[in-house]
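Asks: My structure is in protein_36.cif, and what it holds is mmCIF, C-alpha atoms and all ligand atoms:
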data_entry
loop_
_atom_site.label_atom_id
_atom_site.label_comp_id
_atom_site.auth_asym_id
_atom_site.auth_seq_id
_atom_site.Cartn_x
_atom_site.Cartn_y
_atom_site.Cartn_z
CA MET A 1 0.19 -1.40 25.19
CA ILE A 2 -0.78 0.98 22.39
CA PRO A 3 -0.30 -0.89 19.09
CA LEU A 4 0.86 0.64 15.83
CA SER A 5 -2.11 -0.49 13.78
CA ALA A 6 -4.68 -2.95 15.08
CA PRO A 7 -7.69 -4.05 13.04
CA GLU A 8 -11.13 -2.72 13.94
CA LEU A 9 -13.61 -5.61 13.89
CA ARG A 10 -16.91 -4.37 15.22
CA GLY A 11 -19.28 -4.47 12.26
CA ASN A 12 -20.97 -7.39 10.51
CA GLU A 13 -17.84 -9.60 10.44
CA TRP A 14 -19.29 -12.14 12.88
CA LYS A 15 -22.65 -12.30 11.10
CA TYR A 16 -21.15 -12.76 7.61
CA LEU A 17 -18.64 -15.36 8.83
CA GLN A 18 -21.46 -17.29 10.45
CA GLU A 19 -23.26 -17.26 7.11
CA CYS A 20 -20.19 -18.85 5.50
CA LEU A 21 -20.04 -21.56 8.15
CA ASP A 22 -23.77 -22.23 8.14
CA THR A 23 -23.90 -22.59 4.37
CA GLY A 24 -20.61 -24.46 4.03
CA TRP A 25 -19.12 -21.90 1.63
CA VAL A 26 -15.75 -21.46 3.30
CA SER A 27 -13.32 -21.82 0.40
CA SER A 28 -12.68 -20.11 -2.93
CA ALA A 29 -16.29 -20.35 -4.18
CA GLY A 30 -19.22 -18.62 -2.51
CA PRO A 31 -21.25 -15.43 -2.74
CA PHE A 32 -19.05 -13.10 -0.65
CA VAL A 33 -16.15 -13.04 -3.12
CA GLY A 34 -18.28 -11.56 -5.90
CA ARG A 35 -20.05 -9.27 -3.46
CA PHE A 36 -16.74 -7.99 -2.12
CA GLU A 37 -15.40 -7.41 -5.63
CA SER A 38 -18.48 -5.43 -6.72
CA ALA A 39 -18.48 -3.37 -3.53
CA CYS A 40 -14.76 -2.57 -3.92
CA ALA A 41 -15.13 -1.64 -7.59
CA ALA A 42 -17.99 0.70 -6.68
CA ALA A 43 -16.14 2.23 -3.71
CA ILE A 44 -13.00 2.89 -5.76
CA GLY A 45 -14.94 3.89 -8.87
CA ARG A 46 -13.53 1.38 -11.38
CA SER A 47 -15.31 -1.03 -13.73
CA HIS A 48 -13.57 -4.25 -12.66
CA ALA A 49 -12.20 -5.67 -9.43
CA VAL A 50 -10.51 -9.03 -8.89
CA ALA A 51 -9.99 -10.21 -5.31
CA VAL A 52 -6.84 -12.22 -4.61
CA ALA A 53 -4.98 -13.81 -1.69
CA SER A 54 -2.67 -10.88 -0.87
CA GLY A 55 -1.54 -7.46 -1.99
CA THR A 56 1.69 -9.04 -3.18
CA ALA A 57 -0.26 -11.51 -5.35
CA ALA A 58 -2.24 -8.57 -6.77
CA LEU A 59 1.01 -6.82 -7.76
CA HIS A 60 2.40 -10.01 -9.32
CA LEU A 61 -0.72 -10.51 -11.46
CA ALA A 62 -0.95 -6.80 -12.37
CA LEU A 63 2.61 -6.90 -13.75
CA LEU A 64 1.81 -10.05 -15.75
CA VAL A 65 -1.42 -8.78 -17.30
CA ALA A 66 0.17 -5.39 -18.05
CA GLY A 67 2.68 -7.29 -20.19
CA VAL A 68 5.88 -6.93 -18.13
CA ARG A 69 8.27 -9.65 -19.25
CA PRO A 70 11.73 -11.00 -18.33
CA GLY A 71 14.38 -8.45 -19.28
CA ASP A 72 12.04 -5.45 -19.01
CA ASP A 73 12.71 -2.52 -16.68
CA VAL A 74 10.10 -1.13 -14.28
CA LEU A 75 10.41 2.30 -12.63
CA VAL A 76 9.35 1.90 -8.98
CA SER A 77 9.46 3.84 -5.70
CA ASP A 78 12.74 3.41 -3.78
CA LEU A 79 11.04 4.22 -0.46
CA THR A 80 8.43 1.50 -0.08
CA PHE A 81 7.49 -1.71 1.64
CA ILE A 82 9.45 -4.34 -0.29
CA ALA A 83 6.48 -6.20 -1.87
CA PRO A 84 6.16 -4.27 -5.18
CA VAL A 85 9.91 -4.51 -5.85
CA ASN A 86 9.87 -8.24 -5.13
CA ALA A 87 6.91 -8.65 -7.50
CA ILE A 88 8.90 -7.00 -10.29
CA ARG A 89 11.57 -9.64 -9.75
CA TYR A 90 8.96 -12.45 -9.73
CA VAL A 91 8.21 -11.70 -13.41
CA GLY A 92 11.92 -11.58 -14.28
CA ALA A 93 11.98 -7.82 -14.79
CA THR A 94 14.48 -5.36 -13.32
CA PRO A 95 13.48 -2.61 -10.89
CA VAL A 96 14.80 0.89 -11.55
CA LEU A 97 14.48 2.57 -8.15
CA VAL A 98 13.27 6.15 -8.07
CA ASP A 99 13.88 8.38 -5.04
CA ALA A 100 11.12 10.11 -3.08
CA GLU A 101 10.55 13.86 -3.29
CA PRO A 102 10.92 15.69 0.04
CA ALA A 103 7.53 17.48 0.16
CA TYR A 104 5.11 14.52 0.22
CA TRP A 105 7.61 11.61 0.44
CA GLN A 106 6.22 10.12 -2.80
CA ILE A 107 7.98 8.94 -5.98
CA ASP A 108 9.80 11.90 -7.58
CA THR A 109 7.93 12.34 -10.87
CA GLY A 110 10.61 14.79 -12.02
CA LEU A 111 13.17 11.97 -11.93
CA VAL A 112 10.76 9.63 -13.76
CA CYS A 113 10.19 12.25 -16.44
CA GLU A 114 13.90 12.98 -16.86
CA TYR A 115 14.73 9.28 -17.13
CA LEU A 116 12.07 8.59 -19.76
CA ARG A 117 12.91 11.71 -21.80
CA ARG A 118 16.53 10.58 -22.01
CA GLY A 119 15.23 7.42 -23.67
CA PRO A 120 12.91 4.87 -22.07
CA GLY A 121 15.06 1.92 -23.18
CA ARG A 122 13.49 -1.27 -21.82
CA VAL A 123 11.10 0.44 -19.40
CA ARG A 124 7.80 -1.45 -19.69
CA ALA A 125 5.87 0.02 -16.74
CA ILE A 126 5.87 2.64 -13.99
CA LEU A 127 4.97 1.33 -10.53
CA PRO A 128 4.36 4.20 -8.09
CA VAL A 129 3.52 3.39 -4.46
CA ASP A 130 1.03 5.55 -2.53
CA VAL A 131 3.38 5.77 0.44
CA LEU A 132 1.54 5.92 3.80
CA GLY A 133 -1.75 6.61 2.01
CA THR A 134 -0.89 9.71 -0.01
CA THR A 135 -0.91 9.56 -3.81
CA PRO A 136 2.02 10.93 -5.82
CA ASP A 137 1.44 13.17 -8.84
CA ILE A 138 -0.69 10.55 -10.60
CA ARG A 139 -1.75 12.97 -13.32
CA ALA A 140 1.87 13.57 -14.36
CA LEU A 141 2.64 9.85 -14.20
CA THR A 142 -0.36 8.78 -16.31
CA GLN A 143 0.52 11.48 -18.84
CA LEU A 144 4.08 10.13 -19.06
CA GLY A 145 2.67 6.62 -19.36
CA ARG A 146 0.54 7.67 -22.30
CA GLN A 147 3.36 9.61 -23.93
CA PHE A 148 5.75 6.64 -23.78
CA ASN A 149 3.05 4.02 -24.22
CA ILE A 150 3.78 2.24 -20.94
CA PRO A 151 1.18 1.35 -18.30
CA VAL A 152 1.09 2.82 -14.79
CA ILE A 153 0.61 0.09 -12.18
CA GLU A 154 -0.33 1.76 -8.91
CA ASP A 155 0.44 0.16 -5.55
CA ALA A 156 -2.43 1.61 -3.54
CA SER A 157 -2.05 -0.89 -0.67
CA GLU A 158 -1.93 1.84 1.96
CA ALA A 159 -4.41 4.20 0.34
CA LEU A 160 -7.88 2.62 0.12
CA GLY A 161 -10.43 5.35 0.76
CA SER A 162 -8.32 8.16 -0.71
CA ASP A 163 -8.09 9.28 -4.35
CA ALA A 164 -5.93 6.20 -5.00
CA GLY A 165 -6.60 3.68 -7.73
CA LYS A 166 -8.98 5.88 -9.68
CA LEU A 167 -6.86 7.06 -12.62
CA THR A 168 -4.09 4.56 -13.30
CA ASP A 169 -4.21 1.69 -15.81
CA ILE A 170 -4.34 -0.84 -13.02
CA ALA A 171 -4.14 -0.52 -9.24
CA CYS A 172 -3.48 -2.96 -6.42
CA PHE A 173 -4.71 -2.97 -2.83
CA SER A 174 -3.84 -5.02 0.26
CA PHE A 175 -6.16 -6.20 3.02
CA ASN A 176 -3.47 -7.44 5.38
CA GLY A 177 -4.29 -7.12 9.09
CA ASN A 178 -2.59 -3.74 9.48
CA LYS A 179 -4.05 -2.03 6.40
CA VAL A 180 -6.96 0.44 6.18
CA ILE A 181 -9.44 -2.45 6.06
CA THR A 182 -8.61 -6.14 6.45
CA THR A 183 -9.79 -9.53 5.27
CA GLY A 184 -7.28 -11.26 7.55
CA GLY A 185 -5.10 -11.38 4.46
CA GLY A 186 -6.01 -10.48 0.92
CA GLY A 187 -5.57 -8.19 -2.02
CA LEU A 188 -7.38 -6.64 -4.95
CA ILE A 189 -6.76 -5.52 -8.51
CA VAL A 190 -8.89 -2.79 -10.11
CA THR A 191 -8.87 -1.69 -13.73
CA ASP A 192 -11.21 -0.41 -16.41
CA ARG A 193 -9.84 -2.86 -18.99
CA PRO A 194 -12.09 -5.94 -19.10
CA GLU A 195 -9.42 -8.07 -20.81
CA TRP A 196 -6.88 -7.33 -18.06
CA ALA A 197 -9.40 -8.12 -15.32
CA GLU A 198 -10.37 -11.34 -17.02
CA HIS A 199 -6.75 -12.36 -17.51
CA ALA A 200 -5.91 -11.61 -13.87
CA ARG A 201 -8.87 -13.71 -12.73
CA HIS A 202 -7.80 -16.52 -15.06
CA LEU A 203 -4.21 -16.47 -13.75
CA SER A 204 -5.42 -16.36 -10.14
CA THR A 205 -7.31 -19.65 -10.59
CA GLN A 206 -4.53 -21.81 -12.14
CA ALA A 207 -5.42 -20.63 -15.68
CA ARG A 208 -8.12 -23.22 -16.11
CA GLU A 209 -9.18 -23.44 -19.72
CA ASP A 210 -11.67 -26.24 -19.25
CA PRO A 211 -12.39 -27.10 -15.62
CA VAL A 212 -14.41 -30.18 -16.59
CA GLU A 213 -11.64 -31.69 -18.71
CA GLY A 214 -8.97 -30.39 -16.35
CA LYS A 215 -7.19 -28.39 -19.07
CA HIS A 216 -5.01 -25.33 -18.50
CA ASP A 217 -3.72 -22.90 -21.12
CA GLU A 218 -0.79 -21.21 -19.32
CA ILE A 219 1.09 -21.22 -16.04
CA GLY A 220 -1.39 -19.99 -13.45
CA TYR A 221 -1.38 -19.43 -9.72
CA ASN A 222 -3.54 -20.27 -6.74
CA TYR A 223 -4.18 -16.67 -5.75
CA ARG A 224 -7.94 -16.64 -5.12
CA LEU A 225 -9.38 -15.05 -2.01
CA SER A 226 -11.51 -17.35 0.16
CA ASN A 227 -15.20 -16.73 0.77
CA THR A 228 -14.56 -16.39 4.51
CA ALA A 229 -11.90 -13.72 3.94
CA ALA A 230 -14.22 -11.90 1.52
CA ALA A 231 -17.01 -12.07 4.13
CA ILE A 232 -14.80 -10.19 6.61
CA GLY A 233 -13.92 -7.77 3.79
CA CYS A 234 -17.59 -7.04 3.04
CA ALA A 235 -18.18 -6.14 6.67
CA GLN A 236 -15.02 -4.01 6.83
CA LEU A 237 -15.81 -2.14 3.63
CA GLU A 238 -19.16 -1.04 5.08
CA MET A 239 -17.15 0.95 7.65
CA LEU A 240 -14.53 2.40 5.27
CA ASP A 241 -15.79 6.00 5.39
CA GLU A 242 -15.87 5.89 9.16
CA PHE A 243 -12.33 4.41 9.29
CA ILE A 244 -10.96 7.12 7.00
CA ARG A 245 -12.66 9.84 9.02
CA ALA A 246 -11.05 8.43 12.20
CA LYS A 247 -7.58 8.29 10.60
CA ARG A 248 -7.83 11.87 9.38
CA GLU A 249 -8.94 12.97 12.85
CA HIS A 250 -5.92 11.20 14.36
CA ALA A 251 -3.66 13.01 11.88
CA ALA A 252 -5.15 16.41 12.72
CA ARG A 253 -4.84 15.66 16.44
CA TYR A 254 -1.21 14.51 16.13
CA ALA A 255 -0.42 17.65 14.14
CA ALA A 256 -1.93 19.83 16.87
CA GLU A 257 -0.32 17.92 19.77
CA LEU A 258 3.14 17.73 18.21
CA ALA A 259 3.30 21.24 16.72
CA GLY A 260 6.31 23.35 17.62
CA ILE A 261 8.55 20.57 18.96
CA PRO A 262 12.12 21.41 17.86
CA GLY A 263 13.55 18.92 15.37
CA LEU A 264 10.22 17.22 14.73
CA THR A 265 8.67 17.41 11.25
CA LEU A 266 4.96 16.62 11.00
CA MET A 267 3.65 14.24 8.36
CA PRO A 268 2.75 15.89 5.07
CA GLY A 269 -0.50 14.97 3.37
CA THR A 270 -3.27 16.07 1.08
CA PRO A 271 -6.99 16.37 1.89
CA GLU A 272 -7.31 12.93 0.24
CA SER A 273 -4.64 11.12 2.31
CA THR A 274 -5.64 8.12 4.41
CA TYR A 275 -2.78 8.82 6.88
CA TRP A 276 -2.46 5.03 7.06
CA LEU A 277 0.37 5.33 9.59
CA TYR A 278 0.96 8.80 11.02
CA THR A 279 4.70 9.35 10.64
CA VAL A 280 7.01 12.08 11.88
CA LEU A 281 10.65 12.89 11.13
CA ILE A 282 13.11 13.27 14.00
CA ASP A 283 16.17 15.40 13.31
CA GLU A 284 18.55 14.07 15.96
CA ASN A 285 20.56 17.31 16.28
CA ALA A 286 17.60 19.62 16.84
CA PHE A 287 15.41 17.13 18.75
CA GLY A 288 18.21 16.05 21.08
CA ILE A 289 17.93 12.26 20.75
CA SER A 290 17.85 9.93 17.75
CA ARG A 291 14.81 8.39 16.17
CA THR A 292 15.97 5.03 17.59
CA ALA A 293 16.25 6.45 21.10
CA LEU A 294 12.78 7.97 20.80
CA GLN A 295 11.41 4.62 19.66
CA GLN A 296 12.95 3.05 22.79
CA ASN A 297 11.39 5.73 25.04
CA LEU A 298 8.00 5.03 23.47
CA ALA A 299 8.43 1.26 23.87
CA ARG A 300 9.26 1.71 27.57
CA ALA A 301 5.96 3.60 27.90
CA GLY A 302 4.11 0.71 26.23
CA ILE A 303 3.77 2.47 22.88
CA GLU A 304 4.56 0.67 19.64
CA SER A 305 6.25 2.69 16.88
CA ARG A 306 8.20 1.75 13.76
CA PRO A 307 10.83 3.31 11.49
CA LEU A 308 10.07 3.83 7.81
CA TRP A 309 11.34 1.09 5.47
CA GLN A 310 14.94 0.78 4.45
CA PRO A 311 15.26 2.26 0.94
CA MET A 312 15.23 -0.53 -1.62
CA HIS A 313 18.64 0.44 -3.03
CA LEU A 314 20.13 -0.46 0.37
CA SER A 315 18.11 -3.67 0.85
CA LYS A 316 19.99 -6.97 0.52
CA PRO A 317 17.86 -8.45 -2.30
CA HIS A 318 17.72 -5.26 -4.42
CA ARG A 319 20.90 -3.32 -3.64
CA GLY A 320 22.38 -4.00 -7.07
CA CYS A 321 19.53 -2.24 -8.87
CA ARG A 322 19.92 1.07 -10.65
CA VAL A 323 18.77 3.97 -8.47
CA LEU A 324 17.78 7.50 -9.47
CA GLY A 325 18.74 9.74 -6.56
CA GLY A 326 18.20 7.98 -3.24
CA GLY A 327 19.27 10.63 -0.71
CA VAL A 328 15.73 11.64 0.24
CA ALA A 329 14.68 8.03 0.88
CA GLU A 330 17.79 7.54 3.01
CA ARG A 331 16.97 10.59 5.12
CA LEU A 332 13.33 9.54 5.52
CA HIS A 333 14.46 6.10 6.67
CA ARG A 334 17.00 7.59 9.11
CA ASP A 335 14.54 10.09 10.63
CA GLY A 336 11.06 8.63 10.04
CA LEU A 337 9.02 7.09 12.85
CA SER A 338 5.45 5.82 12.43
CA LEU A 339 3.20 6.32 15.45
CA PRO A 340 0.12 4.41 16.67
CA SER A 341 -2.60 4.92 14.06
CA SER A 342 -5.30 2.33 14.68
CA VAL A 343 -8.83 3.40 13.83
CA GLY A 344 -9.78 2.70 17.45
CA LEU A 345 -6.98 4.84 18.95
CA LYS A 346 -8.49 6.93 21.77
CA PRO A 347 -7.75 10.68 22.12
CA ALA A 348 -6.26 10.03 25.57
CA GLN A 349 -3.92 7.38 24.11
CA LEU A 350 -2.85 9.73 21.33
CA GLN A 351 -2.17 12.38 23.93
CA ARG A 352 -0.01 9.94 25.89
CA VAL A 353 2.04 9.26 22.75
CA ALA A 354 2.45 13.01 22.20
CA THR A 355 3.46 13.58 25.81
CA VAL A 356 6.20 10.93 25.69
CA ILE A 357 7.53 12.50 22.47
CA ARG A 358 7.45 16.02 23.89
CA GLU A 359 9.19 14.91 27.10
CA SER A 360 11.85 13.06 25.07
CA CYS A 361 12.88 16.26 23.29
CA ARG A 362 15.96 17.81 24.86
C1 LIG A 401 1.14 -4.09 2.64
C2 LIG A 401 1.75 -3.67 1.39
C3 LIG A 401 1.88 -4.56 0.31
C4 LIG A 401 1.67 -6.05 0.39
O1 LIG A 401 0.49 -6.48 0.82
P1 LIG A 401 0.30 -7.97 1.38
O2 LIG A 401 -1.18 -8.08 1.41
O3 LIG A 401 0.93 -8.01 2.73
O4 LIG A 401 0.93 -8.93 0.43
C5 LIG A 401 2.38 -4.07 -0.87
N1 LIG A 401 2.74 -2.79 -1.00
C6 LIG A 401 2.66 -1.92 0.01
C7 LIG A 401 3.08 -0.51 -0.23
C8 LIG A 401 2.16 -2.32 1.24
O5 LIG A 401 2.11 -1.45 2.25
#
Starting from the file, give its structure as structure tokens.
Replies:
Amino acid sequence: MIPLSAPELRGNEWKYLQECLDTGWVSSAGPFVGRFESACAAAIGRSHAVAVASGTAALHLALLVAGVRPGDDVLVSDLTFIAPVNAIRYVGATPVLVDAEPAYWQIDTGLVCEYLRRGPGRVRAILPVDVLGTTPDIRALTQLGRQFNIPVIEDASEALGSDAGKLTDIACFSFNGNKVITTGGGGLIVTDRPEWAEHARHLSTQAREDPVEGKHDEIGYNYRLSNTAAAIGCAQLEMLDEFIRAKREHAARYAAELAGIPGLTLMPGTPESTYWLYTVLIDENAFGISRTALQQNLARAGIESRPLWQPMHLSKPHRGCRVLGGGVAERLHRDGLSLPSSVGLKPAQLQRVATVIRESCR
């Protein structure tokens, strides 16, 4: 079986975990949490990092500290994993779903610009997602954010190790098992604003005002990352450059192996992309079989693959939301198939994937 995205645990994970167990620091206090935060802040190039229990928790807190309130609107990618759109609903705000552009499959900044120029109304934030590890036009988005005085909250969950999270007001990462690096489960917020970082940290620990007296000053959450999870994260982060190099090599190899197949579109990317999951588009008419049929062929050969997410404007919980465009996201969902992309994927395995795809083309 060739998995879609398996974690790569061959560094100091064992050693650091043993340290946690030997010292008894296994819960939300302990030296690895701070160490992991500092190392992440340095790797991403931001002043402050707050580690939390998941990427979804990071997005929830980022929206809160950025001042998004019930009744506000938030412009967000229509083609995305559902977590950021759910998080907008957690704070009582309303997602305004923005289609992808066809070149890089990222949020269409032209649509964002047009919408804001017509009058931003209740828009209180822009939440672009770095889909599959490529950043959208962040420069244009931050400029729009400044012009309309609304923060840009970046969902960089799939893009650690790229140019993600460096320029936006606040950025969120995920360390779920299938992401670029993992802590077993975890997330991170980075920002250059000390007051936002401090507030996020406060909210993540039940908003304790006075821990001795047991006083709290607002409704907080239990969103802290454990020391054991952070220990795994410290070990993983040491290998980030190597992981990114491997993923970019996989992407180059897939591009070479799959070139020239009729009806197959290779994944776009920039030199900075993480190529988190290498994804191709299958045009059923030109390729000869559907994306679903190709997925079944791959499964029969012991190869895991996965379609791109259903666009949020078609998803059950968010289908009532306003959507700007939507046709590109629909096409990417219909045709998109993510291929095995683990760091440890062997060239021979990649070649097997390519062979099954090539032989499936009629
Ligand atoms: C994985 C992911 C998340 C959520 O991360 P969790 O750690 O699973 O909560 C959010 N946004 C995107 C784009 C993701 O890919």
Asks: Could you list, as a list in words, every residue within 9 Å of Arg46 in chain A, counting all atoms listed in the file and ignoring same-chain residues fewer than 6 positions away?
Replies: Cys40, Gly165, Lys166, Leu167, Val190, Thr191 and Asp192 of chain A
Asks: Please identify every polymer residue within 6 Å of ligand LIG 401 (chain A), using all atoms listed in the file, and present the set as a PyMOL selection string.
Replies: chain A and resi 54-56+80-81+83-84+129+155+157-158+174-176+185-187
Asks: Nearest residue to Leu61 in chain A out of A:Ala125, A:Leu203, A:Ile2, A:Val212, using all atoms listed in the file?
Replies: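 So, comparing all the options, the nearest one is A:Leu203.
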Asks: Using all atoms listed in the file, find the one residue out of A:Pro211, A:Pro120, A:Gly233, A:Gly269 that sits nearest to Gln147 in chain A.
Replies: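 Between A:Pro211, A:Pro120, A:Gly233, A:Gly269, the residue approaching Gln147 in chain A most closely is A:Pro120.
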Asks: Just want the 12 Å neighbourhood of Ile138 in chain A, counted on all atoms listed in the file, with same-chain residues fewer than 4 positions away dropped. Output as a PyMOL selection string.
Replies: chain A and resi 106-109+112+126-130+134+142-145+152-156+163-169+171
Asks: Keeping only C-alpha atoms, write the selected residues to a file as a compact mmCIF listing (two decimals), in the frame of the given file.
Replies:
# COMPACT_ATOMS: atom_id res chain seq x y z
CA GLN A 106 6.22 10.12 -2.80
CA ILE A 107 7.98 8.94 -5.98
CA ASP A 108 9.80 11.90 -7.58
CA THR A 109 7.93 12.34 -10.87
CA VAL A 112 10.76 9.63 -13.76
CA ILE A 126 5.87 2.64 -13.99
CA LEU A 127 4.97 1.33 -10.53
CA PRO A 128 4.36 4.20 -8.09
CA VAL A 129 3.52 3.39 -4.46
CA ASP A 130 1.03 5.55 -2.53
CA THR A 134 -0.89 9.71 -0.01
CA THR A 142 -0.36 8.78 -16.31
CA GLN A 143 0.52 11.48 -18.84
CA LEU A 144 4.08 10.13 -19.06
CA GLY A 145 2.67 6.62 -19.36
CA VAL A 152 1.09 2.82 -14.79
CA ILE A 153 0.61 0.09 -12.18
CA GLU A 154 -0.33 1.76 -8.91
CA ASP A 155 0.44 0.16 -5.55
CA ALA A 156 -2.43 1.61 -3.54
CA ASP A 163 -8.09 9.28 -4.35
CA ALA A 164 -5.93 6.20 -5.00
CA GLY A 165 -6.60 3.68 -7.73
CA LYS A 166 -8.98 5.88 -9.68
CA LEU A 167 -6.86 7.06 -12.62
CA THR A 168 -4.09 4.56 -13.30
CA ASP A 169 -4.21 1.69 -15.81
CA ALA A 171 -4.14 -0.52 -9.24
Asks: Can you work out which one of A:Ala259, A:Ala235, A:Leu97, A:Leu277 has the shortest atom-to-atom distance to Leu324 in chain A, counting all atoms listed in the file?
Replies: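 Of the candidates, the smallest distance to Leu324 in chain A is held by A:Leu97.
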Asks: What does the distance between CA of Cys321 in chain A and CA of Glu101 in chain A come to in Å, to one decimal place?
Replies: 19.3 Å
Asks: Rank A:Leu188, A:Leu21, A:Ala286, A:Ala251 by their smallest atom-to-atom distance to Ser38 in chain A, using all atoms listed in the file, and report the top residue only.
Replies: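 Counting all atoms listed in the file, the residue closest to Ser38 in chain A is A:Leu188.
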Asks: Place a sphere of radius 12 Å on (9.0, 22.9, 17.2) in the file coordinates and name every protein, DNA or RNA residue with an atom inside or on its surface, counting all atoms listed in the file; give the answer as a ChimeraX atom specification.
Replies: /A:255-266,281-283,286-287,357-358,361-362
Asks: Counting all atoms listed in the file, select every polymer residue within 12 Å of (-20.5, 6.4, -3.2) as defined in the file's coordinates, and provide the selection as JSON, numbers by chain.
Replies: {"A": [39, 40, 41, 42, 43, 44, 45, 46, 161, 237, 238, 240, 241]}
Asks: How many Å lie between CA of Leu116 in chain A and CA of Arg69 in chain A, rounded to one decimal?
Replies: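 These atoms are spaced 18.6 Å apart.
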Asks: Show which residues sit within 8 Å of range 296-309 of chain A, as a list in words. Count only C-alpha atoms, and ignore same-chain residues fewer than 5 positions away.
Replies: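 Once the nearby chain positions are removed, what remains is Met1, Ile2, Pro3, Leu4, Leu79, Thr80, Phe81, Arg291, Leu332, His333, Arg334, Asp335, Gly336, Leu337, Ser338, Leu339, Pro340, Val353, Val356, Ile357 and Ser360 of chain A.
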Asks: Start from the incomplete input, build all heavy atoms for range 20-25 of chain A, and deliver everything as a PDB file, in the coordinates of the input.
Replies:
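Here's the written file result16.pdb:
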ATOM      1  N   CYS A  20     -21.109 -17.952   6.217  1.00  0.00           N
ATOM      2  CA  CYS A  20     -20.190 -18.850   5.500  1.00  0.00           C
ATOM      3  C   CYS A  20     -20.205 -20.236   6.128  1.00  0.00           C
ATOM      4  O   CYS A  20     -20.302 -21.254   5.436  1.00  0.00           O
ATOM      5  CB  CYS A  20     -18.750 -18.326   5.557  1.00  0.00           C
ATOM      6  SG  CYS A  20     -18.480 -16.778   4.731  1.00  0.00           S
ATOM      7  N   LEU A  21     -20.116 -20.274   7.448  1.00  0.00           N
ATOM      8  CA  LEU A  21     -20.040 -21.560   8.150  1.00  0.00           C
ATOM      9  C   LEU A  21     -21.355 -22.313   8.045  1.00  0.00           C
ATOM     10  O   LEU A  21     -21.388 -23.511   7.802  1.00  0.00           O
ATOM     11  CB  LEU A  21     -19.661 -21.332   9.623  1.00  0.00           C
ATOM     12  CG  LEU A  21     -18.303 -20.677   9.856  1.00  0.00           C
ATOM     13  CD1 LEU A  21     -18.099 -20.360  11.331  1.00  0.00           C
ATOM     14  CD2 LEU A  21     -17.166 -21.547   9.350  1.00  0.00           C
ATOM     15  N   ASP A  22     -22.454 -21.580   8.188  1.00  0.00           N
ATOM     16  CA  ASP A  22     -23.770 -22.230   8.140  1.00  0.00           C
ATOM     17  C   ASP A  22     -24.077 -22.807   6.766  1.00  0.00           C
ATOM     18  O   ASP A  22     -24.747 -23.822   6.643  1.00  0.00           O
ATOM     19  CB  ASP A  22     -24.863 -21.240   8.545  1.00  0.00           C
ATOM     20  CG  ASP A  22     -24.829 -20.904  10.025  1.00  0.00           C
ATOM     21  OD1 ASP A  22     -24.124 -21.627  10.771  1.00  0.00           O
ATOM     22  OD2 ASP A  22     -25.480 -19.929  10.441  1.00  0.00           O
ATOM     23  N   THR A  23     -23.592 -22.136   5.723  1.00  0.00           N
ATOM     24  CA  THR A  23     -23.900 -22.590   4.370  1.00  0.00           C
ATOM     25  C   THR A  23     -22.838 -23.525   3.816  1.00  0.00           C
ATOM     26  O   THR A  23     -23.021 -24.129   2.765  1.00  0.00           O
ATOM     27  CB  THR A  23     -24.031 -21.395   3.406  1.00  0.00           C
ATOM     28  OG1 THR A  23     -22.808 -20.650   3.449  1.00  0.00           O
ATOM     29  CG2 THR A  23     -25.202 -20.494   3.786  1.00  0.00           C
ATOM     30  N   GLY A  24     -21.682 -23.599   4.506  1.00  0.00           N
ATOM     31  CA  GLY A  24     -20.610 -24.460   4.030  1.00  0.00           C
ATOM     32  C   GLY A  24     -19.707 -23.833   2.984  1.00  0.00           C
ATOM     33  O   GLY A  24     -18.764 -24.460   2.512  1.00  0.00           O
ATOM     34  N   TRP A  25     -19.972 -22.577   2.613  1.00  0.00           N
ATOM     35  CA  TRP A  25     -19.120 -21.900   1.630  1.00  0.00           C
ATOM     36  C   TRP A  25     -17.941 -21.250   2.357  1.00  0.00           C
ATOM     37  O   TRP A  25     -17.995 -20.097   2.736  1.00  0.00           O
ATOM     38  CB  TRP A  25     -19.905 -20.832   0.864  1.00  0.00           C
ATOM     39  CG  TRP A  25     -20.942 -21.360  -0.063  1.00  0.00           C
ATOM     40  CD1 TRP A  25     -22.290 -21.250   0.078  1.00  0.00           C
ATOM     41  CD2 TRP A  25     -20.719 -22.062  -1.293  1.00  0.00           C
ATOM     42  NE1 TRP A  25     -22.936 -21.853  -0.979  1.00  0.00           N
ATOM     43  CE2 TRP A  25     -21.993 -22.360  -1.843  1.00  0.00           C
ATOM     44  CE3 TRP A  25     -19.577 -22.489  -1.980  1.00  0.00           C
ATOM     45  CZ2 TRP A  25     -22.154 -23.054  -3.043  1.00  0.00           C
ATOM     46  CZ3 TRP A  25     -19.737 -23.179  -3.175  1.00  0.00           C
ATOM     47  CH2 TRP A  25     -21.002 -23.453  -3.693  1.00  0.00           C
TER      48      TRP A  25
END
